[in-house]
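Engineer: Sending over protein-v1.pdb (PDB, C-alpha atoms).
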```
ATOM      1  CA  MET P   1      -7.111  31.037 -92.425
ATOM      2  CA  THR P   2      -9.334  32.157 -89.622
ATOM      3  CA  ILE P   3      -8.204  33.042 -86.144
ATOM      4  CA  THR P   4     -10.808  30.735 -84.687
ATOM      5  CA  GLN P   5      -8.773  27.730 -85.808
ATOM      6  CA  GLU P   6      -6.946  25.935 -83.015
ATOM      7  CA  HIS P   7      -3.162  26.108 -83.051
ATOM      8  CA  THR P   8      -1.069  23.286 -81.625
ATOM      9  CA  ARG P   9       2.595  23.080 -80.876
ATOM     10  CA  PRO P  10       4.473  20.983 -83.459
ATOM     11  CA  GLY P  11       5.150  17.393 -82.434
ATOM     12  CA  ARG P  12       2.508  17.315 -79.730
ATOM     13  CA  ALA P  13      -1.132  16.478 -79.704
ATOM     14  CA  GLY P  14      -3.993  16.660 -77.311
ATOM     15  CA  PRO P  15      -6.044  19.327 -75.610
ATOM     16  CA  SER P  16      -3.333  20.254 -73.120
ATOM     17  CA  THR P  17      -1.174  21.679 -75.926
ATOM     18  CA  VAL P  18      -3.865  23.660 -77.717
ATOM     19  CA  ARG P  19      -3.427  27.318 -76.906
ATOM     20  CA  PRO P  20      -4.125  30.628 -78.544
ATOM     21  CA  VAL P  21      -1.149  32.573 -79.855
ATOM     22  CA  LEU P  22      -0.905  35.375 -77.299
ATOM     23  CA  GLY P  23       2.761  36.425 -77.060
ATOM     24  CA  ALA P  24       3.990  39.393 -79.088
ATOM     25  CA  LEU P  25       6.298  37.395 -81.386
ATOM     26  CA  GLY P  26       3.751  34.606 -81.796
ATOM     27  CA  LEU P  27       1.175  37.240 -82.654
ATOM     28  CA  LEU P  28       3.532  38.692 -85.282
ATOM     29  CA  ASP P  29       3.977  35.206 -86.805
ATOM     30  CA  LEU P  30       0.197  34.707 -86.797
ATOM     31  CA  LEU P  31      -0.257  38.092 -88.465
ATOM     32  CA  ALA P  32       2.373  37.437 -91.162
ATOM     33  CA  ASP P  33       0.664  34.126 -91.986
ATOM     34  CA  TYR P  34      -2.760  35.761 -91.932
ATOM     35  CA  VAL P  35      -1.703  38.509 -94.351
ATOM     36  CA  ALA P  36      -0.027  35.996 -96.686
ATOM     37  CA  GLU P  37      -3.048  33.684 -96.712
ATOM     38  CA  THR P  38      -5.616  36.465 -97.187
ATOM     39  CA  ALA P  39      -3.619  38.732 -99.523
ATOM     40  CA  THR P  40      -6.106  38.442-102.379
ATOM     41  CA  VAL P  41      -9.057  39.514-100.226
ATOM     42  CA  LEU P  42      -7.471  42.022 -97.851
ATOM     43  CA  PRO P  43      -8.964  45.491 -98.170
ATOM     44  CA  VAL P  44      -6.491  48.144 -99.340
ATOM     45  CA  ALA P  45      -6.586  51.917 -98.989
ATOM     46  CA  PRO P  46      -8.143  53.725-101.931
ATOM     47  CA  ALA P  47      -5.896  56.235-103.692
ATOM     48  CA  ASN P  48      -8.197  59.132-102.742
ATOM     49  CA  LEU P  49      -8.245  58.360 -98.988
ATOM     50  CA  THR P  50      -8.410  61.541 -96.893
ATOM     51  CA  THR P  51      -9.108  60.259 -93.355
ATOM     52  CA  ARG P  52      -7.805  57.314 -91.357
ATOM     53  CA  HIS P  53     -10.106  54.328 -91.828
ATOM     54  CA  TYR P  54     -10.214  50.908 -90.145
ATOM     55  CA  GLU P  55     -11.996  47.593 -90.574
ATOM     56  CA  LEU P  56     -12.369  44.762 -88.080
ATOM     57  CA  LEU P  57     -11.359  41.640 -90.027
ATOM     58  CA  GLU P  58     -11.660  38.973 -87.330
ATOM     59  CA  ARG P  59     -12.238  38.671 -83.597
ATOM     60  CA  SER P  60     -12.199  35.775 -81.155
ATOM     61  CA  ASP P  61     -11.957  35.583 -77.367
ATOM     62  CA  HIS P  62      -8.158  35.643 -77.685
ATOM     63  CA  VAL P  63      -7.239  37.902 -80.599
ATOM     64  CA  GLU P  64      -8.609  40.548 -82.935
ATOM     65  CA  ILE P  65      -7.310  41.584 -86.354
ATOM     66  CA  TRP P  66      -7.869  44.992 -87.957
ATOM     67  CA  ALA P  67      -7.011  46.571 -91.312
ATOM     68  CA  ILE P  68      -6.063  50.226 -90.882
ATOM     69  CA  HIS P  69      -5.778  52.602 -93.825
ATOM     70  CA  TRP P  70      -3.540  55.653 -93.402
ATOM     71  CA  PRO P  71      -3.832  58.698 -95.678
ATOM     72  CA  GLN P  72      -0.758  60.756 -96.501
ATOM     73  CA  GLY P  73       0.470  62.724 -93.497
ATOM     74  CA  GLN P  74      -1.947  61.235 -90.987
ATOM     75  CA  GLY P  75      -1.306  59.063 -87.980
ATOM     76  CA  LEU P  76      -2.377  58.217 -84.480
ATOM     77  CA  GLU P  77      -0.885  60.095 -81.526
ATOM     78  CA  LEU P  78       1.134  58.461 -78.713
ATOM     79  CA  HIS P  79      -0.923  55.629 -77.263
ATOM     80  CA  ASP P  80      -0.841  52.190 -75.693
ATOM     81  CA  HIS P  81      -3.207  49.283 -76.209
ATOM     82  CA  GLY P  82      -4.825  49.019 -72.798
ATOM     83  CA  GLY P  83      -2.696  46.081 -71.640
ATOM     84  CA  SER P  84      -2.986  43.997 -74.814
ATOM     85  CA  VAL P  85       0.067  42.771 -76.708
ATOM     86  CA  GLY P  86       0.103  43.645 -80.371
ATOM     87  CA  ALA P  87       1.650  43.318 -83.775
ATOM     88  CA  LEU P  88       1.340  45.237 -87.002
ATOM     89  CA  TRP P  89       2.183  44.310 -90.582
ATOM     90  CA  VAL P  90       2.498  46.821 -93.424
ATOM     91  CA  VAL P  91       0.747  45.643 -96.590
ATOM     92  CA  ASN P  92       1.777  48.488 -98.915
ATOM     93  CA  GLY P  93       3.907  51.600 -98.544
ATOM     94  CA  SER P  94       5.612  52.316 -95.245
ATOM     95  CA  LEU P  95       4.762  53.717 -91.838
ATOM     96  CA  GLU P  96       6.940  55.648 -89.438
ATOM     97  CA  GLU P  97       6.699  54.694 -85.793
ATOM     98  CA  HIS P  98       7.872  56.713 -82.785
ATOM     99  CA  TYR P  99       8.085  54.660 -79.601
ATOM    100  CA  VAL P 100       8.977  55.347 -76.012
ATOM    101  CA  GLN P 101      12.182  53.602 -74.937
ATOM    102  CA  VAL P 102      13.450  52.767 -71.473
ATOM    103  CA  GLY P 103      14.264  56.046 -69.774
ATOM    104  CA  ARG P 104      11.451  57.727 -71.739
ATOM    105  CA  ALA P 105      13.595  58.639 -74.758
ATOM    106  CA  VAL P 106      11.726  58.404 -78.052
ATOM    107  CA  GLY P 107      12.989  56.070 -80.771
ATOM    108  CA  ARG P 108      11.975  56.041 -84.430
ATOM    109  CA  ARG P 109      11.802  53.396 -87.122
ATOM    110  CA  SER P 110      10.229  52.824 -90.513
ATOM    111  CA  ILE P 111       8.174  49.713 -91.121
ATOM    112  CA  VAL P 112       7.974  48.921 -94.836
ATOM    113  CA  ALA P 113       5.637  46.772 -96.908
ATOM    114  CA  GLY P 114       6.158  43.085 -96.176
ATOM    115  CA  GLY P 115       7.472  43.810 -92.686
ATOM    116  CA  GLY P 116       6.062  44.200 -89.238
ATOM    117  CA  ALA P 117       6.672  44.857 -85.587
ATOM    118  CA  ALA P 118       5.505  43.283 -82.329
ATOM    119  CA  PHE P 119       5.113  44.878 -78.917
ATOM    120  CA  GLY P 120       4.236  44.099 -75.340
ATOM    121  CA  PRO P 121       1.363  45.234 -73.139
ATOM    122  CA  ARG P 122       3.026  48.444 -71.879
ATOM    123  CA  TYR P 123       4.334  49.668 -75.241
ATOM    124  CA  VAL P 124       3.658  53.343 -76.057
ATOM    125  CA  HIS P 125       4.005  54.546 -79.644
ATOM    126  CA  ASP P 126       2.555  56.620 -82.433
ATOM    127  CA  VAL P 127       2.291  55.670 -86.081
ATOM    128  CA  VAL P 128       2.156  57.984 -89.100
ATOM    129  CA  ASN P 129       2.159  57.712 -92.873
ATOM    130  CA  VAL P 130       4.899  60.090 -94.016
ATOM    131  CA  GLY P 131       4.759  58.855 -97.613
ATOM    132  CA  ALA P 132       2.989  60.326-100.628
ATOM    133  CA  ASP P 133       0.388  57.556-101.011
ATOM    134  CA  PRO P 134      -2.148  55.920 -98.673
ATOM    135  CA  VAL P 135      -0.878  52.904 -96.712
ATOM    136  CA  THR P 136      -2.671  49.793 -95.466
ATOM    137  CA  SER P 137      -1.480  47.890 -92.430
ATOM    138  CA  VAL P 138      -2.957  44.945 -90.553
ATOM    139  CA  HIS P 139      -2.897  44.884 -86.734
ATOM    140  CA  ALA P 140      -3.526  42.104 -84.218
ATOM    141  CA  TYR P 141      -4.124  42.468 -80.477
ATOM    142  CA  SER P 142      -4.317  39.831 -77.777
ATOM    143  CA  PRO P 143      -6.453  39.812 -75.811
ATOM    144  CA  PRO P 144      -8.816  41.992 -77.839
ATOM    145  CA  MET P 145      -8.440  45.576 -76.648
ATOM    146  CA  GLU P 146     -10.923  47.028 -74.220
ATOM    147  CA  SER P 147      -9.309  50.463 -74.071
ATOM    148  CA  MET P 148      -6.509  52.676 -75.319
ATOM    149  CA  ASN P 149      -4.600  55.291 -73.341
ATOM    150  CA  PHE P 150      -3.394  58.419 -75.152
ATOM    151  CA  TYR P 151      -0.400  60.447 -73.976
ATOM    152  CA  ARG P 152       1.272  63.771 -74.518
ATOM    153  CA  GLN P 153       4.947  64.536 -74.021
ATOM    154  CA  GLU P 154       5.913  67.207 -71.556
ATOM    155  CA  VAL P 155       9.267  68.280 -70.158
ATOM    156  CA  GLY P 156       8.951  65.805 -67.258
ATOM    157  CA  GLY P 157       7.948  62.886 -69.502
ATOM    158  CA  LEU P 158       4.734  61.297 -70.692
ATOM    159  CA  VAL P 159       1.433  62.475 -69.280
ATOM    160  CA  LEU P 160      -1.799  60.508 -69.640
ATOM    161  CA  ASP P 161      -4.102  62.692 -71.729
ATOM    162  CA  ARG P 162      -7.195  60.478 -71.984
ATOM    163  CA  THR P 163      -8.466  56.907 -72.075
ATOM    164  CA  GLU P 164     -10.904  55.639 -74.694
ATOM    165  CA  TYR P 165     -12.941  52.551 -73.901
ATOM    166  CA  ARG P 166     -14.439  49.992 -76.252
ATOM    167  CA  VAL P 167     -18.184  50.524 -76.109
ATOM    168  CA  ASP P 168     -19.249  48.340 -79.018
ATOM    169  CA  PRO P 169     -17.701  45.885 -81.501
ATOM    170  CA  SER P 170     -17.169  48.612 -84.114
ATOM    171  CA  TRP P 171     -14.728  50.502 -81.837
ATOM    172  CA  ALA P 172     -11.321  50.707 -83.453
ATOM    173  CA  PRO P 173      -7.681  51.237 -82.617
TER     174      PRO P 173
END
```
Would you mind giving the structure from this file in structure tokens?
Structural biologist:
Amino acid sequence: MTITQEHTRPGRAGPSTVRPVLGALGLLDLLADYVAETATVLPVAPANLTTRHYELLERSDHVEIWAIHWPQGQGLELHDHGGSVGALWVVNGSLEEHYVQVGRAVGRRSIVAGGGAAFGPRYVHDVVNVGADPVTSVHAYSPPMESMNFYRQEVGGLVLDRTEYRVDPSWAP
């Protein structure tokens, strides 16, 4: 499967029904299918991984897909995806996610191998590998990200710490 294939709604035909999968849940479905169909060729984290590593797997005008490899104890601080919707799928191991809820409270969940999560354009979260072994996850963003905002928590709530912009195709989430 490649993301450059056209997707049509079941039971309909014609150019007016061809559309990229852009919604968060549709993106999660696309990602689950992508991981299932590419399982034998997906890159996985080596056992001796010591730093977070990422690989751009596919990119079109509408969506990009990344493999991200997480060493033990490492993660990515609170961030958003610059207005893109997203989804992630854990290939092996599990990841812990902390996310900002309505009212700015922080929630927590574990996402285990064979499972995923989807999120909207204003979602703020961090992700960390709290397990003993490296983890690989696959992430999709639509539209492809142009920037990421990073935050810190203070007594009064979230504060924008910095923004990183995509400067070339090798930039990574």
Engineer: Leaving out segment 93-99 of chain P and any residue of its chain fewer than 6 positions from it, which residues lie within 6 Å of it when counting all atoms listed in the file, given as a ChimeraX atom specification?
Structural biologist: /P:106-113,124-129,135
Engineer: Extract, using all atoms listed in the file, all DNA, RNA and protein residues at most 10 Å from Trp66 of chain P, discarding same-chain residues fewer than 3 positions from it, and format them as an MDAnalysis selection string.
Structural biologist: chainID P and resid 54:59 69 88 137:141 172:173
Engineer: Given the choices P:Leu49, P:Val85, P:Leu22, P:Val44, which gets closest to His62 of chain P if the distance is worked out from all atoms listed in the file?
Structural biologist: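 With all atoms listed in the file as the atom set, the closest residue is P:Leu22.
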Engineer: Given the file shown, enumerate the residues that the PyMOL selection byres ((chain P and resi 118) around 8) captures and present them as a PyMOL selection string.
Structural biologist: chain P and resi 24-25+27-28+85-88+116-117+119-120
Engineer: Pull C-alpha atoms from the residues just selected and write them as a compact mmCIF listing (two decimals), in the coordinates of the input.
Structural biologist:
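Generated output (again_0.txt):
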```txt
# COMPACT_ATOMS: atom_id res chain seq x y z
CA ALA P 24 3.99 39.39 -79.09
CA LEU P 25 6.30 37.40 -81.39
CA LEU P 27 1.18 37.24 -82.65
CA LEU P 28 3.53 38.69 -85.28
CA VAL P 85 0.07 42.77 -76.71
CA GLY P 86 0.10 43.64 -80.37
CA ALA P 87 1.65 43.32 -83.78
CA LEU P 88 1.34 45.24 -87.00
CA GLY P 116 6.06 44.20 -89.24
CA ALA P 117 6.67 44.86 -85.59
CA PHE P 119 5.11 44.88 -78.92
CA GLY P 120 4.24 44.10 -75.34
```
Engineer: Using all atoms listed in the file, determine which residues lie at most 8 Å from segment 144-157 of chain P, disregarding the query and same-chain residues fewer than 2 positions distant; provide the list as a VMD selection string.
Structural biologist: chain P and resid 59 to 64 77 to 84 104 141 to 142 159 to 166 173
Engineer: Kindly save the residues from that selection, with C-alpha atoms included, as a compact mmCIF listing (two decimals), in the frame of the given file.
Structural biologist:
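New file selection_28.txt:
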```
# COMPACT_ATOMS: atom_id res chain seq x y z
CA ARG P 59 -12.24 38.67 -83.60
CA SER P 60 -12.20 35.78 -81.16
CA ASP P 61 -11.96 35.58 -77.37
CA HIS P 62 -8.16 35.64 -77.68
CA VAL P 63 -7.24 37.90 -80.60
CA GLU P 64 -8.61 40.55 -82.94
CA GLU P 77 -0.88 60.10 -81.53
CA LEU P 78 1.13 58.46 -78.71
CA HIS P 79 -0.92 55.63 -77.26
CA ASP P 80 -0.84 52.19 -75.69
CA HIS P 81 -3.21 49.28 -76.21
CA GLY P 82 -4.82 49.02 -72.80
CA GLY P 83 -2.70 46.08 -71.64
CA SER P 84 -2.99 44.00 -74.81
CA ARG P 104 11.45 57.73 -71.74
CA TYR P 141 -4.12 42.47 -80.48
CA SER P 142 -4.32 39.83 -77.78
CA VAL P 159 1.43 62.48 -69.28
CA LEU P 160 -1.80 60.51 -69.64
CA ASP P 161 -4.10 62.69 -71.73
CA ARG P 162 -7.20 60.48 -71.98
CA THR P 163 -8.47 56.91 -72.08
CA GLU P 164 -10.90 55.64 -74.69
CA TYR P 165 -12.94 52.55 -73.90
CA ARG P 166 -14.44 49.99 -76.25
CA PRO P 173 -7.68 51.24 -82.62
```
Engineer: What is the distance between atom CA of Ala39 of chain P and atom CA of Val91 of chain P, in Å to one decimal?
Structural biologist: 8.7 Å
Engineer: Just say which residues the PyMOL selection byres ((chain P and resi 48) around 9) picks in this file, as an MDAnalysis selection string.
Structural biologist: chainID P and resid 45:47 49:50 71 133:134
